[in-house]
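Below is one structure, written out as structure tokens, with a few remarks after it.
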Amino acid sequence: MWTKIKTWLDVRIGLDDIIQTKIIDYRIPKNINIFYTLGFLAVIAYAVQALTGIILLIYYIPHPDHAFRSVQDIMTKVPYGWLFRQMHVVGSNLMITVAVLHMITVFLMGNYKRPRELTWLGGGLSLLLTITFGFSGYLLPWTQLSYWATTVVTSMPTAFPLIGEPIAQVLRGGDHVTEITLSRFFALHVAILPPLFLAFMGIHLFLINRIGISATPFGIADEEKRPLTEYKRKIHADGYPYYPVFFQKQMYMMMAYLAVMFFIITFLPNLFFPEEANIPADPFKTPAQIRPAWYLLAPYQLLKLIPNKFFGITIQAVLVALFLVWPFVDTYREKNVLKRPVLRGVFIFLLVMWVVLLFWGRNS
Amino acid sequence: MRYLLLSLTILFTLPSMSMAGYREEFEKEFMTKPWAGAQVEENACISCHASDQMKPEFKEIVDAWQASWHAQNKISCEDCHGGDPKDATLAMSRQRGFLGSPQYKDVPEFCGKCHVGILASYLESGHGKALKAGKKAPNCVTCHGSHNIQKANIDIISEQLCTKCHSYERAKIMKVTLFLVEKKAAQLEQSIQELRQEGIYPEDDEKSLFSTQAAFRTLFHTVDVNLVRSRTDEFTSKLDQIDKNVQAMLQDLRSRKNFSAFLMLAFSGMGIIIFLLSTTKKD
Amino acid sequence: MKRRRFLKIVLAFLASITLLSFVYSLLKFLVALPARTAETKKLIIRKNEIPSGDAKDIIFRNTPAVIINRPDKGFIALSRVCTHLGCLVEYNPVKQRLICPCHAGNFDLEGNVLAGPPPKPLTVIPLRIDGENIVIG
């Protein structure tokens, strides 16, 4: 039965040829490690978010008078509504985690270097889009947590002189978070960001495929020291076939991801729901402790700490810009981060600082 | 390339840092907002009454009020006494509706400005009728205090309080009559808290509980034991209905755990099997 | 390779039950909720039961409500649940208002808040006049 279908397709689109060239003959470097699956995980995470998001869209009502109740109805009245909502909430945090881990491992393996600068740029922009997804989605349930955390986050751009206030006004659609903000963020979250994200993801994946998978600098010495005067796709003639070796790795990492997601849903269902996340938004009553979501805590804390606010936000803008264009700045040929103590040191320092600021922001 | 980037950064950063005006703007927008720090309240009543120049018995009022349930719910001086908390010179003027403190016999109407239902029950009661007839009788302040008013609870009915005018016998009977309904309501409140901690906001049931308990307590103020006894069943059945809903939700929460645990095990199982099935690099 | 074959079968089994659980939950999610059918029940009151200026307390779908025959604007059905903390408001024909006995929230006969702590207006319950009857819901 299967063979009949396959033959039918093969006659029309050359299925066998596709399978042979793109899957079986696609070779991956011998020293590939598990971290290479993180990018695939990020795509799977996005797929889960998109699917659960579309499902939630069926019952969610994006107006302040109905938003909270519609989410409560999804959680209590709609059969299995709780399942899809929990998957969406837990998934959003897991997706950001996976994306950040992917970025860290790519950085540490030096896989952003020439000729892969554009790939890194595309990935960095995707990470920023993911965080934007996170903070626009945060407002949608219209709870005390949503409302006030959004108030705080949309006020952060006011640290920029001149353009700061207009930016905050455009984000919020006014002086305060209102139904205009909700509509705006809903449009952003549901209609503007998904095609943008898919576009960047598409470019990112195309580049990876076109340029070829890079080998890690650990283990065997992989040379990309040829003078880059012409395009040459990176192939690994003595590598493993993508299917089944790498495909299997991707599959069980995907299972691990979903297992972690359901572990959190089963045993820690309130991990992302502090008390204020279950109370409807009240513009006149500020909760005692409001903070942005964990992935925005470090910038928030930094802004609170640095006495000169403008300097605080510039430092962050500069760091983000630097991180995006890093491959253009770091043109040193050596890929192996173990041989570059300064870079390693600075990077680890920044990472530790980010975590410290995160916990500081959480507890202050 | 990198020098270009570096010079652009410096070009952007330095002149912008020289702009001082934005700092105040940012501080105003960000650092002094209520959510960024402590809330500052301007209240002329409190500024005077809490100051050291005030008579000690008036000064105590502020502390007493601060500890009260009214204060927790943002009910302050002007809500009961009138006047203008924003204007120190006119704070206590008749022009701004200042009422002063009520006479003993006028206290029920004073509190009854808001607590309408309770006033109505009280006026029908032996206590209310005695007060209006000029005899010795309790008013609201006798049992609830004047400024340090706490959430009502059944233990306000006490030997110490009620024996000021008569024997404790009838008060005891009333307390026993109230006991079961109050206990059930307290249990329900507990269960609803549990639900809220699990992320469910049972608005309808919470409102129903409040309404039922408020109606029951309003009824109590008639201090008519027979009346309360005859209507206890009505209240108990309403509470039972709420209890049914709340228990159903708690049950639902438990079954959800089972479902998601099953999915977690399924995914971990599949992960393990794929791992076992995987061809090692040596194959 | 009997072990591999066994593992593959178990994998296929697990994958299908997982997929089935998701499909099942999605289907239940999408299908009309049983509560919705209960909501199509309507309540019918005769017009002459409520003289002008008077009101009648009813229970509609588990919510206590009141139908008022306003002298100027005709019938209206409002939820009696006060939007402050949930006490049941009472119709006061003298003041032509709805007053909450708990904290004196005052509502006009359209449900709008006139005074007191309630944050939102009373929920209006749709009704229509059908000849001699008032149909609520």
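We name chains A, B, ... following the order of the structure tokens; residues begin at 1 in each chain, and ligands are numbered from 1 as shown.
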Next item on the list: Provide as a list in words the residues of chain C at most 8 Å from chain B, counting only C-alpha atoms.
Entry: Arg4, Leu7, Lys8, Leu11, Leu14, Ala15, Thr18, Val81, Leu85, Gly86, Cys87, Leu88, Cys100, Pro101, Cys102, His103 and Ala104 of chain C
Output file for the residues above (C-alpha atoms, as a compact mmCIF listing (two decimals), in the first residue's frame):
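Ended up saving to result14.txt:
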# COMPACT_ATOMS: atom_id res chain seq x y z
CA ARG C 4 13.77 -3.63 17.69
CA LEU C 7 10.21 -1.43 20.53
CA LYS C 8 8.76 -0.17 17.27
CA LEU C 11 6.37 3.20 20.02
CA LEU C 14 2.23 5.06 22.49
CA ALA C 15 2.24 7.48 19.60
CA THR C 18 -1.08 10.19 22.57
CA VAL C 81 -26.28 40.70 41.78
CA LEU C 85 -19.38 42.16 46.24
CA GLY C 86 -22.44 40.24 45.11
CA CYS C 87 -25.26 41.16 47.50
CA LEU C 88 -28.74 41.26 46.00
CA CYS C 100 -27.84 47.40 47.61
CA PRO C 101 -28.37 46.74 51.34
CA CYS C 102 -24.72 45.87 51.97
CA HIS C 103 -22.88 49.09 51.19
CA ALA C 104 -25.58 51.34 49.74
Hey, which bits of chain A sit within 8 Å of chain C, and for each residue what's the closest pair of atoms and how far apart in Å (one decimal), counting only C-alpha atoms, rows by chain and increasing number, as JSON lines?
{"residue": "A:Val78", "atom": "CA", "partner": "C:Phe29", "partner_atom": "CA", "distance": 6.1}
{"residue": "A:Pro79", "atom": "CA", "partner": "C:Phe29", "partner_atom": "CA", "distance": 5.1}
{"residue": "A:Tyr80", "atom": "CA", "partner": "C:Ser25", "partner_atom": "CA", "distance": 5.7}
{"residue": "A:Gly81", "atom": "CA", "partner": "C:Phe29", "partner_atom": "CA", "distance": 6.4}
Next item on the list: Would you mind listing what lies within 6 Å of Val89 (chain C) as an MDAnalysis selection string, with only C-alpha atoms counted and same-chain residues fewer than 4 positions away left out?
Entry: chainID C and resid 80 98:100
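Here CA of Gly116 (chain C) is placed at a distance of 20.2 Å from CA of Ala65 (chain C).
Picture a line from CA of Ala77 (chain C) to CA of Val124 (chain C); it runs 6.1 Å.
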